[in-house]
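Reviewing the structure listed below.
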Amino acid sequence: SEEIERLSYDVVVVGAGGAGLSAAIAARQAGKRVAIVCKSLFGKAHTVMAEGGAAAAMGNVNPNDNWEVHFRDTMRGGKFLNHWRMAEVHAKEAPDRIWELETYGALFDRTPEGKISQRNFGGHEYPRLAHVGDRTGLELIRTMQQKIVSLQQEDKRDHGSYESHIRVFAEATITRLLTDGNKIAGVFGYQRKTGEFFCLDAPAVVLAAGGIGKSFKVTSNSWEYTGDGHAMALLAGATLINMECIQFHPTGMVWPPSVRGILVTESVRGDGGVLKNSEGKRFMFNYVPEVFKKQYATTEEEGDRWYEDPDNNRRPPELLPRDEVARAINSEIKAGRGSPHGGIFLDIASRRTPEYIRKRLPSMYHQFKELADVDITAEPMEIGPTCHYVMGGVEVDPDSAAARGSIEGLFAAGEVSGGMHGSNRLGGNSLSDLLVFGRRAGVGAAEYATKIGERPKVAQSDVDEAVTEALAPFTRDSGENPFALQAELQQNMNDLVGLIRTADELEQAIKRLQELAARVHNAAATGGRAYNPSWHLALDLRNMLLVSECAAKAALMRQESRGGHTRDDFPKMDPVWRKVNLICKLDESGVQVVKQDIPEIPTRLLDLFEIDELHKYMTDEELTRHRDGGS
Ligand code: FAD
């Protein structure tokens, strides 16, 4: 039988994006021996691609900003489906985490007075995104890697080996979480380069595996984001929350076809870019929904003045939360007012000088020049919605990031976790989320590993089973081509579980996924085990299918439109549905979705809003209780 490398750690972190590295640093600082596993090269995660910045209410550019305003914006952006406690912790701790990064060596852009500069972004009342040009994620990862290296140097000095307390397993994919009864016991995976298997024993695992975007055809996500973390959590007995909430970013590239879906950062609009239809009209003024009317400009003049004088003017509607902008673009295209390649125009060329554009948006300038031969300082970009981020994810305890469900020892942070962003995430709130909850997950996992006492044991039979599962694609002589299956799955999700949904289409999607399931379980790999993309994809398909099923089934159940979930047949927000979280779990018959009451928001936080605003979200019964001084 197969020789398998087996090693033992206190905490295993799956994923080396911002959430994973934050967790690893925190667990190591708590004295634990930590393994970090990632699918690609160390340093290449989604987090690196983050352009706009990290939201933190430091009040450097506008002193009126504080955690309470940030909390309010986050809840509004998520249409009050957020877990209030996560939104509170996030708003309070984000500034500290940004400062901490600077102690690790990060250097954010500065205001003229030398404070960390902050930029405007959709849904944020004040300039709030700490940034490094439009390459913020790169600085974040670079700094955390640097911190890890410095910790490893301390370990070499104190324990004789760089890898005594933190070891990185790059280009390695985890396929299974291993359990002992209801407790986490370790992880199983393979080295992508060689195809060799390995097993890491550990009482605590932090999932930080990112999102699910690759289940959709048009996406800003890269090949890695096949929902592995979400799926492995489900398979281990954890629950997922609100998987119907998926963010379609309004501005992805649409042309040429080879780059369709690649992100065009929201900073283009934050820095003055506007959306125009084929008639040259700034159409967003026609799409400001009732709940946001108070905060957005009604004329172009007012919107334009806001960039210079935000205290006395309201922001332009191009900076509405992403779900609103994506739906508006979709409507314009549908009405026949789209651009030549089926998008809409994003114009910064006519509004800012070439020098300004090149300085503020260097990556965007190069991206369009190189990929589309478009000079964004001279002509408008063509853009359209692209699947970008999943708000749904592993249901966690808001303070420790421990996964809920029937499993102990599992923690989750970053995009793989759910609850924080409600039905729609504000731009910039992910990088801050990674730092805040990545750290908490690392601390939570370390505490758990300390108090657990006897370590759970990995059973040999579970390892054997994981090996058999992983090798199965090689045994299917008349199996299916995984690339063809992936393309079918992506098309299905794009067409039927996309930006705008209906019951009919969702039912159709679920049926097709069921048909695909049998075929996915027959996905075949040819060739050897070293660097074999068809084998890797055949294994990833299990995960893509599971998360797709969760998204489609939850989307069918939620009969309302809210944030990143738009039902054409239930176009309104429904206060009764606001009280409901949809929980996915796995049993013998597959993915089950059940309703669960949303935790009640305490009065001290509700008091941050005007009662008129709360009326737009909550039931009369909830508001009566609130006014009477309830919870
Ligand atoms: P990621 O950074 O996605 O990392 C996931 C890690 O898990 C990777 O290391 C991957 O290799 C690993 N992994 C996955 N599966 C496995 C497995 N089976 N085994 C082992 N390892 C695995 N957010 C903002 O706040 N501001 C922005 O400006 C911004 N811009 C963005 C721009 C783009 C183009 C994109 C795509 C996203 C942007 N976002 C932004 C969102 C944000 O970048 C992501 O949500 C965030 O980086 C996710 O971080 P994470 O740590 O959860 O996971």
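Chain labels A, B, ... are given in the sequence in which chains occur in the structure tokens; within each chain residues are numbered consecutively from 1, and ligands are likewise numbered from 1 in the order shown.
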
Leaving out range 225-227 of chain A and any residue of its chain fewer than 2 positions from it, which residues lie within 9 Å of it when counting only C-alpha atoms, given as a PDB file with N, CA and C atoms, in the first residue's frame?
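The result, written out as around_23.pdb:
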```
ATOM      1  N   HIS A  46      -5.892  34.814  -3.338  1.00  0.00           N
ATOM      2  CA  HIS A  46      -6.786  35.883  -3.771  1.00  0.00           C
ATOM      3  C   HIS A  46      -6.450  37.205  -3.157  1.00  0.00           C
ATOM      4  N   ALA A 209      -9.761  28.855   3.314  1.00  0.00           N
ATOM      5  CA  ALA A 209      -9.558  28.405   1.933  1.00  0.00           C
ATOM      6  C   ALA A 209     -10.224  29.290   0.894  1.00  0.00           C
ATOM      7  N   GLY A 210     -10.803  30.425   1.310  1.00  0.00           N
ATOM      8  CA  GLY A 210     -11.338  31.368   0.324  1.00  0.00           C
ATOM      9  C   GLY A 210     -12.688  30.967  -0.228  1.00  0.00           C
ATOM     10  N   GLY A 211     -12.966  31.402  -1.476  1.00  0.00           N
ATOM     11  CA  GLY A 211     -14.334  31.374  -2.008  1.00  0.00           C
ATOM     12  C   GLY A 211     -14.668  30.265  -2.979  1.00  0.00           C
ATOM     13  N   ILE A 212     -15.762  30.498  -3.729  1.00  0.00           N
ATOM     14  CA  ILE A 212     -16.344  29.453  -4.584  1.00  0.00           C
ATOM     15  C   ILE A 212     -16.517  29.908  -6.027  1.00  0.00           C
ATOM     16  N   GLY A 213     -15.946  31.066  -6.384  1.00  0.00           N
ATOM     17  CA  GLY A 213     -16.240  31.718  -7.671  1.00  0.00           C
ATOM     18  C   GLY A 213     -16.078  30.846  -8.900  1.00  0.00           C
ATOM     19  N   LYS A 214     -15.195  29.863  -8.847  1.00  0.00           N
ATOM     20  CA  LYS A 214     -14.948  29.053 -10.044  1.00  0.00           C
ATOM     21  C   LYS A 214     -16.101  28.124 -10.394  1.00  0.00           C
ATOM     22  N   SER A 215     -17.161  28.137  -9.578  1.00  0.00           N
ATOM     23  CA  SER A 215     -18.354  27.388  -9.958  1.00  0.00           C
ATOM     24  C   SER A 215     -19.188  28.171 -10.970  1.00  0.00           C
ATOM     25  N   ASN A 221     -12.605  35.377  -9.908  1.00  0.00           N
ATOM     26  CA  ASN A 221     -11.804  34.468  -9.086  1.00  0.00           C
ATOM     27  C   ASN A 221     -10.852  33.636  -9.947  1.00  0.00           C
ATOM     28  N   SER A 222      -9.768  33.160  -9.345  1.00  0.00           N
ATOM     29  CA  SER A 222      -8.802  32.357 -10.096  1.00  0.00           C
ATOM     30  C   SER A 222      -9.098  30.865  -9.899  1.00  0.00           C
ATOM     31  N   TRP A 223      -8.296  30.017 -10.553  1.00  0.00           N
ATOM     32  CA  TRP A 223      -8.572  28.574 -10.599  1.00  0.00           C
ATOM     33  C   TRP A 223      -8.703  27.917  -9.229  1.00  0.00           C
ATOM     34  N   GLY A 229     -12.960  24.638   0.956  1.00  0.00           N
ATOM     35  CA  GLY A 229     -13.144  24.830   2.400  1.00  0.00           C
ATOM     36  C   GLY A 229     -14.593  24.635   2.789  1.00  0.00           C
ATOM     37  N   HIS A 230     -15.490  25.268   2.022  1.00  0.00           N
ATOM     38  CA  HIS A 230     -16.925  25.129   2.292  1.00  0.00           C
ATOM     39  C   HIS A 230     -17.321  23.648   2.271  1.00  0.00           C
ATOM     40  N   ALA A 231     -16.887  22.951   1.223  1.00  0.00           N
ATOM     41  CA  ALA A 231     -17.314  21.563   1.033  1.00  0.00           C
ATOM     42  C   ALA A 231     -16.723  20.652   2.108  1.00  0.00           C
ATOM     43  N   MET A 232     -15.444  20.837   2.420  1.00  0.00           N
ATOM     44  CA  MET A 232     -14.832  19.958   3.427  1.00  0.00           C
ATOM     45  C   MET A 232     -15.465  20.181   4.804  1.00  0.00           C
ATOM     46  N   VAL A 416     -14.212  31.989   3.427  1.00  0.00           N
ATOM     47  CA  VAL A 416     -14.839  30.680   3.631  1.00  0.00           C
ATOM     48  C   VAL A 416     -15.869  30.714   4.769  1.00  0.00           C
ATOM     49  N   ASP A 540     -11.512  18.372  -7.405  1.00  0.00           N
ATOM     50  CA  ASP A 540     -12.162  19.648  -7.058  1.00  0.00           C
ATOM     51  C   ASP A 540     -13.658  19.628  -7.375  1.00  0.00           C
ATOM     52  N   LEU A 541     -14.032  18.867  -8.392  1.00  0.00           N
ATOM     53  CA  LEU A 541     -15.432  18.874  -8.835  1.00  0.00           C
ATOM     54  C   LEU A 541     -16.401  18.476  -7.724  1.00  0.00           C
ATOM     55  N   ASN A 543     -16.236  19.281  -4.706  1.00  0.00           N
ATOM     56  CA  ASN A 543     -16.473  20.484  -3.906  1.00  0.00           C
ATOM     57  C   ASN A 543     -17.333  21.502  -4.648  1.00  0.00           C
ATOM     58  N   MET A 544     -17.026  21.698  -5.930  1.00  0.00           N
ATOM     59  CA  MET A 544     -17.797  22.662  -6.723  1.00  0.00           C
ATOM     60  C   MET A 544     -19.263  22.265  -6.784  1.00  0.00           C
ATOM     61  N   LEU A 545     -19.481  20.974  -6.910  1.00  0.00           N
ATOM     62  CA  LEU A 545     -20.852  20.474  -6.981  1.00  0.00           C
ATOM     63  C   LEU A 545     -21.586  20.713  -5.660  1.00  0.00           C
ATOM     64  N   LEU A 546     -20.925  20.412  -4.562  1.00  0.00           N
ATOM     65  CA  LEU A 546     -21.560  20.575  -3.244  1.00  0.00           C
ATOM     66  C   LEU A 546     -21.921  22.035  -2.977  1.00  0.00           C
ATOM     67  N   VAL A 547     -20.989  22.955  -3.229  1.00  0.00           N
ATOM     68  CA  VAL A 547     -21.302  24.365  -2.938  1.00  0.00           C
ATOM     69  C   VAL A 547     -22.355  24.897  -3.906  1.00  0.00           C
ATOM     70  N   SER A 548     -22.352  24.386  -5.131  1.00  0.00           N
ATOM     71  CA  SER A 548     -23.369  24.815  -6.099  1.00  0.00           C
ATOM     72  C   SER A 548     -24.750  24.363  -5.636  1.00  0.00           C
TER      73      SER A 548
END
```

Just want the 7 Å neighbourhood of Ile383 in chain A, counted on only C-alpha atoms, with same-chain residues fewer than 2 positions away dropped. Output as a ChimeraX atom specification. /A:251-254,343-346,381

Select from range 174-408 of chain A everything DSSP, run on the backbone, classes as strand (DSSP E), then give the selection as a VMD selection string. chain A and resid 174 to 180 183 to 191 197 to 201 204 to 207 240 to 241 246 to 253 274 to 276 344 to 347 381 to 390 393 to 394

Can you write just those residues out, C-alpha atoms, as a compact mmCIF listing (two decimals), in the first residue's frame?
```
# COMPACT_ATOMS: atom_id res chain seq x y z
CA ILE A 174 -6.18 19.21 1.25
CA THR A 175 -9.00 16.88 0.20
CA ARG A 176 -10.40 15.77 3.56
CA LEU A 177 -10.70 16.88 7.15
CA LEU A 178 -10.12 13.84 9.38
CA THR A 179 -12.12 13.34 12.54
CA ASP A 180 -12.15 11.23 15.66
CA LYS A 183 -13.55 16.05 16.98
CA ILE A 184 -11.09 17.24 14.37
CA ALA A 185 -8.03 14.96 14.26
CA GLY A 186 -6.13 16.22 11.21
CA VAL A 187 -6.14 16.75 7.46
CA PHE A 188 -5.33 14.64 4.40
CA GLY A 189 -4.00 15.90 1.09
CA TYR A 190 -1.65 15.55 -1.85
CA GLN A 191 1.40 17.38 -3.16
CA PHE A 197 -0.12 11.96 -0.23
CA PHE A 198 0.42 13.36 3.25
CA CYS A 199 -1.45 13.51 6.51
CA LEU A 200 -1.09 16.14 9.23
CA ASP A 201 -2.38 15.20 12.67
CA ALA A 204 -7.37 22.12 15.66
CA VAL A 205 -7.82 23.14 12.02
CA VAL A 206 -8.42 26.65 10.74
CA LEU A 207 -10.15 26.75 7.38
CA LEU A 240 -22.99 26.64 6.13
CA ILE A 241 -25.01 29.82 6.40
CA ILE A 246 -23.26 35.64 -3.74
CA GLN A 247 -21.76 38.93 -4.82
CA PHE A 248 -21.70 39.78 -8.49
CA HIS A 249 -19.27 42.66 -8.79
CA PRO A 250 -20.67 45.28 -11.15
CA THR A 251 -17.43 45.89 -12.98
CA GLY A 252 -15.67 42.95 -14.60
CA MET A 253 -13.96 43.18 -17.99
CA VAL A 274 -18.81 57.10 -13.79
CA LEU A 275 -21.08 54.56 -15.50
CA LYS A 276 -22.68 55.48 -18.83
CA ILE A 344 -21.76 49.13 -20.15
CA PHE A 345 -19.23 52.00 -20.18
CA LEU A 346 -17.06 52.96 -17.22
CA ASP A 347 -15.53 56.34 -17.92
CA MET A 381 -13.77 50.83 -20.40
CA GLU A 382 -16.42 48.25 -21.23
CA ILE A 383 -17.52 46.41 -18.12
CA GLY A 384 -20.25 44.09 -16.81
CA PRO A 385 -21.15 42.03 -13.72
CA THR A 386 -18.86 39.17 -12.67
CA CYS A 387 -19.14 36.59 -9.87
CA HIS A 388 -16.80 37.92 -7.23
CA TYR A 389 -17.36 36.89 -3.64
CA VAL A 390 -19.48 34.55 -1.55
CA GLY A 393 -19.94 30.27 4.34
CA VAL A 394 -19.10 28.21 7.39
```

Every residue of range 377-463 of chain A that DSSP places in helix (DSSP H, G or I), as an MDAnalysis selection string: chainID A and resid 414:416 429:451 460:463

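Once Gly78 in chain A and its same-chain neighbours fewer than 2 positions away are set aside, Thr74, Met75, Arg76, Phe80, Leu81, Asn82, His421, Gly422, Ser423, Asn424, Arg425, Leu426 and Gly563 of chain A remain within 8 Å of it when counting only C-alpha atoms.
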
Take the residues from that selection and put them in a file with N, CA and C atoms, as a PDB file, in the first residue's frame.
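Writing the result to selection_20.pdb gives the following:
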```pdb
ATOM      1  N   THR A  74     -21.855  48.719   7.421  1.00  0.00           N
ATOM      2  CA  THR A  74     -21.740  47.282   7.147  1.00  0.00           C
ATOM      3  C   THR A  74     -23.106  46.598   7.221  1.00  0.00           C
ATOM      4  N   MET A  75     -23.897  46.979   8.227  1.00  0.00           N
ATOM      5  CA  MET A  75     -25.235  46.399   8.372  1.00  0.00           C
ATOM      6  C   MET A  75     -26.142  46.831   7.211  1.00  0.00           C
ATOM      7  N   ARG A  76     -26.015  48.104   6.830  1.00  0.00           N
ATOM      8  CA  ARG A  76     -26.816  48.588   5.694  1.00  0.00           C
ATOM      9  C   ARG A  76     -26.421  47.857   4.426  1.00  0.00           C
ATOM     10  N   PHE A  80     -28.950  44.115   6.723  1.00  0.00           N
ATOM     11  CA  PHE A  80     -29.319  43.652   8.067  1.00  0.00           C
ATOM     12  C   PHE A  80     -29.413  42.136   8.211  1.00  0.00           C
ATOM     13  N   LEU A  81     -28.808  41.420   7.277  1.00  0.00           N
ATOM     14  CA  LEU A  81     -28.764  39.965   7.454  1.00  0.00           C
ATOM     15  C   LEU A  81     -27.455  39.563   8.139  1.00  0.00           C
ATOM     16  N   ASN A  82     -26.588  40.535   8.385  1.00  0.00           N
ATOM     17  CA  ASN A  82     -25.293  40.248   9.012  1.00  0.00           C
ATOM     18  C   ASN A  82     -25.481  39.717  10.426  1.00  0.00           C
ATOM     19  N   HIS A 421     -20.919  39.478   6.589  1.00  0.00           N
ATOM     20  CA  HIS A 421     -21.309  40.468   5.582  1.00  0.00           C
ATOM     21  C   HIS A 421     -22.790  40.431   5.222  1.00  0.00           C
ATOM     22  N   GLY A 422     -23.557  39.590   5.918  1.00  0.00           N
ATOM     23  CA  GLY A 422     -24.983  39.528   5.630  1.00  0.00           C
ATOM     24  C   GLY A 422     -25.237  39.137   4.192  1.00  0.00           C
ATOM     25  N   SER A 423     -26.138  39.888   3.512  1.00  0.00           N
ATOM     26  CA  SER A 423     -26.486  39.494   2.147  1.00  0.00           C
ATOM     27  C   SER A 423     -25.604  40.166   1.110  1.00  0.00           C
ATOM     28  N   ASN A 424     -24.746  41.097   1.537  1.00  0.00           N
ATOM     29  CA  ASN A 424     -23.871  41.773   0.572  1.00  0.00           C
ATOM     30  C   ASN A 424     -22.686  42.387   1.300  1.00  0.00           C
ATOM     31  N   ARG A 425     -21.479  42.119   0.785  1.00  0.00           N
ATOM     32  CA  ARG A 425     -20.278  42.663   1.407  1.00  0.00           C
ATOM     33  C   ARG A 425     -19.924  44.013   0.805  1.00  0.00           C
ATOM     34  N   LEU A 426     -19.544  44.951   1.643  1.00  0.00           N
ATOM     35  CA  LEU A 426     -19.015  46.220   1.140  1.00  0.00           C
ATOM     36  C   LEU A 426     -17.568  46.015   0.704  1.00  0.00           C
ATOM     37  N   GLY A 563     -29.723  42.001  -1.112  1.00  0.00           N
ATOM     38  CA  GLY A 563     -28.292  41.983  -1.367  1.00  0.00           C
ATOM     39  C   GLY A 563     -27.927  41.092  -2.543  1.00  0.00           C
TER      40      GLY A 563
END
```

Taking only C-alpha atoms and all ligand atoms into account, which residues have an atom no farther than 6 Å from ligand 1? I'd like them as number ranges by chain. A: 14-20, 37-40, 45-47, 49-54, 172-175, 208-210, 220-221, 224, 228, 263, 414-416, 427-431, 434

Can you spit out the residues from that selection as a PDB file, in the first residue's frame, using C-alpha atoms?
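result.pdb, freshly written:
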```
ATOM      1  CA  VAL A  14      -5.716  25.451   5.324  1.00  0.00           C
ATOM      2  CA  GLY A  15      -5.093  28.480   3.107  1.00  0.00           C
ATOM      3  CA  ALA A  16      -2.357  31.095   2.896  1.00  0.00           C
ATOM      4  CA  GLY A  17      -4.372  34.195   2.019  1.00  0.00           C
ATOM      5  CA  GLY A  18      -4.838  37.025   4.490  1.00  0.00           C
ATOM      6  CA  ALA A  19      -7.076  34.990   6.785  1.00  0.00           C
ATOM      7  CA  GLY A  20      -4.759  31.984   6.873  1.00  0.00           C
ATOM      8  CA  VAL A  37      -1.101  24.456   3.617  1.00  0.00           C
ATOM      9  CA  CYS A  38      -1.921  26.157   0.316  1.00  0.00           C
ATOM     10  CA  LYS A  39      -2.822  25.007  -3.176  1.00  0.00           C
ATOM     11  CA  SER A  40      -0.606  27.426  -5.064  1.00  0.00           C
ATOM     12  CA  ALA A  45      -3.713  33.821  -3.000  1.00  0.00           C
ATOM     13  CA  HIS A  46      -6.786  35.883  -3.771  1.00  0.00           C
ATOM     14  CA  THR A  47      -5.752  38.317  -1.155  1.00  0.00           C
ATOM     15  CA  MET A  49      -5.300  40.441  -6.052  1.00  0.00           C
ATOM     16  CA  ALA A  50      -7.167  42.817  -3.745  1.00  0.00           C
ATOM     17  CA  GLU A  51      -6.739  46.246  -5.140  1.00  0.00           C
ATOM     18  CA  GLY A  52      -8.861  48.856  -3.422  1.00  0.00           C
ATOM     19  CA  GLY A  53      -7.867  48.556   0.203  1.00  0.00           C
ATOM     20  CA  ALA A  54      -8.860  47.503   3.701  1.00  0.00           C
ATOM     21  CA  ALA A 172      -0.413  21.069  -1.655  1.00  0.00           C
ATOM     22  CA  THR A 173      -4.156  20.437  -1.712  1.00  0.00           C
ATOM     23  CA  ILE A 174      -6.181  19.208   1.253  1.00  0.00           C
ATOM     24  CA  THR A 175      -9.002  16.883   0.201  1.00  0.00           C
ATOM     25  CA  ALA A 208      -9.069  29.814   5.417  1.00  0.00           C
ATOM     26  CA  ALA A 209      -9.558  28.405   1.933  1.00  0.00           C
ATOM     27  CA  GLY A 210     -11.338  31.368   0.324  1.00  0.00           C
ATOM     28  CA  SER A 220     -13.082  37.464 -11.052  1.00  0.00           C
ATOM     29  CA  ASN A 221     -11.804  34.468  -9.086  1.00  0.00           C
ATOM     30  CA  GLU A 224      -8.079  27.872  -6.889  1.00  0.00           C
ATOM     31  CA  ASP A 228     -12.891  23.330  -1.079  1.00  0.00           C
ATOM     32  CA  LEU A 263     -12.024  42.536 -12.032  1.00  0.00           C
ATOM     33  CA  GLY A 414     -12.078  34.933   5.750  1.00  0.00           C
ATOM     34  CA  GLU A 415     -14.175  34.307   2.690  1.00  0.00           C
ATOM     35  CA  VAL A 416     -14.839  30.680   3.631  1.00  0.00           C
ATOM     36  CA  GLY A 427     -15.790  46.664  -0.802  1.00  0.00           C
ATOM     37  CA  GLY A 428     -12.786  46.815   1.506  1.00  0.00           C
ATOM     38  CA  ASN A 429     -14.586  44.920   4.238  1.00  0.00           C
ATOM     39  CA  SER A 430     -12.971  41.665   3.198  1.00  0.00           C
ATOM     40  CA  LEU A 431      -9.343  42.592   3.795  1.00  0.00           C
ATOM     41  CA  LEU A 434      -9.387  38.602   7.104  1.00  0.00           C
TER      42      LEU A 434
END
```

Contact residues around Ile357 in chain A with only C-alpha atoms at 9 Å, ignoring same-chain residues under 5 positions, as a CSV table (one decimal) with C-alpha atoms, in the first residue's frame:
```csv
chain,number,residue,atom,x,y,z
A,268,VAL,CA,-12.1,53.6,-10.5
A,271,ASP,CA,-11.7,58.1,-7.7
A,348,ILE,CA,-12.8,58.0,-16.0
A,349,ALA,CA,-10.9,59.4,-19.0
A,352,ARG,CA,-9.6,63.0,-14.5
A,362,PRO,CA,-1.6,52.0,-12.1
A,364,MET,CA,-5.9,49.2,-14.0
A,365,TYR,CA,-4.0,51.2,-16.5
A,376,ILE,CA,-8.2,54.2,-19.9
A,377,THR,CA,-6.8,57.7,-19.7
```

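Between CA of Tyr104 in chain A and CA of Asp397 in chain A the interatomic distance comes to 27.9 Å.
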
Please provide the set of residues having any atom within 6 Å of range 303-320 of chain A, restricted to only C-alpha atoms, with same-chain residues fewer than 2 positions apart removed, written as a PyMOL selection string. chain A and resi 122-123+284+295-297+300-301

Rank A:Ile329, A:Ile262, A:Cys245, A:Cys550 by their smallest atom-to-atom distance to Leu513 in chain A, using only C-alpha atoms, and report the top residue only. A:Cys550

Ranking A:Glu469, A:Lys553, A:Val458, A:Glu507 by minimum distance to Asn522 in chain A and counting only C-alpha atoms, which one comes first? A:Glu469

What lies within 6 Å of range 590-607 of chain A using only C-alpha atoms, ignoring chain neighbours under 2 positions off, as an MDAnalysis selection string? chainID A and resid 579:588 609 631

Output file for the residues above (C-alpha atoms, as a short mmCIF file (atom, residue, chain, number, x, y, z; two decimals), in the first residue's frame):
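Contents of out.cif, as written:
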```
data_model
loop_
_atom_site.label_atom_id
_atom_site.label_comp_id
_atom_site.auth_asym_id
_atom_site.auth_seq_id
_atom_site.Cartn_x
_atom_site.Cartn_y
_atom_site.Cartn_z
CA LYS A 579 -35.20 37.24 10.55
CA VAL A 580 -34.22 34.01 8.81
CA ASN A 581 -30.81 32.49 8.23
CA LEU A 582 -30.70 29.56 5.84
CA ILE A 583 -28.49 26.76 7.12
CA CYS A 584 -27.09 24.03 4.89
CA LYS A 585 -26.05 20.69 6.26
CA LEU A 586 -25.25 17.35 4.76
CA ASP A 587 -26.99 14.06 5.52
CA GLU A 588 -27.23 10.69 3.74
CA PHE A 609 -29.98 53.91 13.64
CA SER A 631 -33.50 42.84 24.22
#
```

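For the choices A:Pro354, A:Pro482, A:Pro340, A:Gly564, the atom-to-atom distance to Ile500 in chain A is smallest for A:Gly564 when using only C-alpha atoms.
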
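The spacing separating CA of His83 in chain A from CA of Asp433 in chain A amounts to 13.0 Å.
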
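Minimum distance to Thr566 in chain A across A:Gln514, A:Ser400, A:Ser432, A:Thr502 (counting only C-alpha atoms) occurs at A:Thr502.
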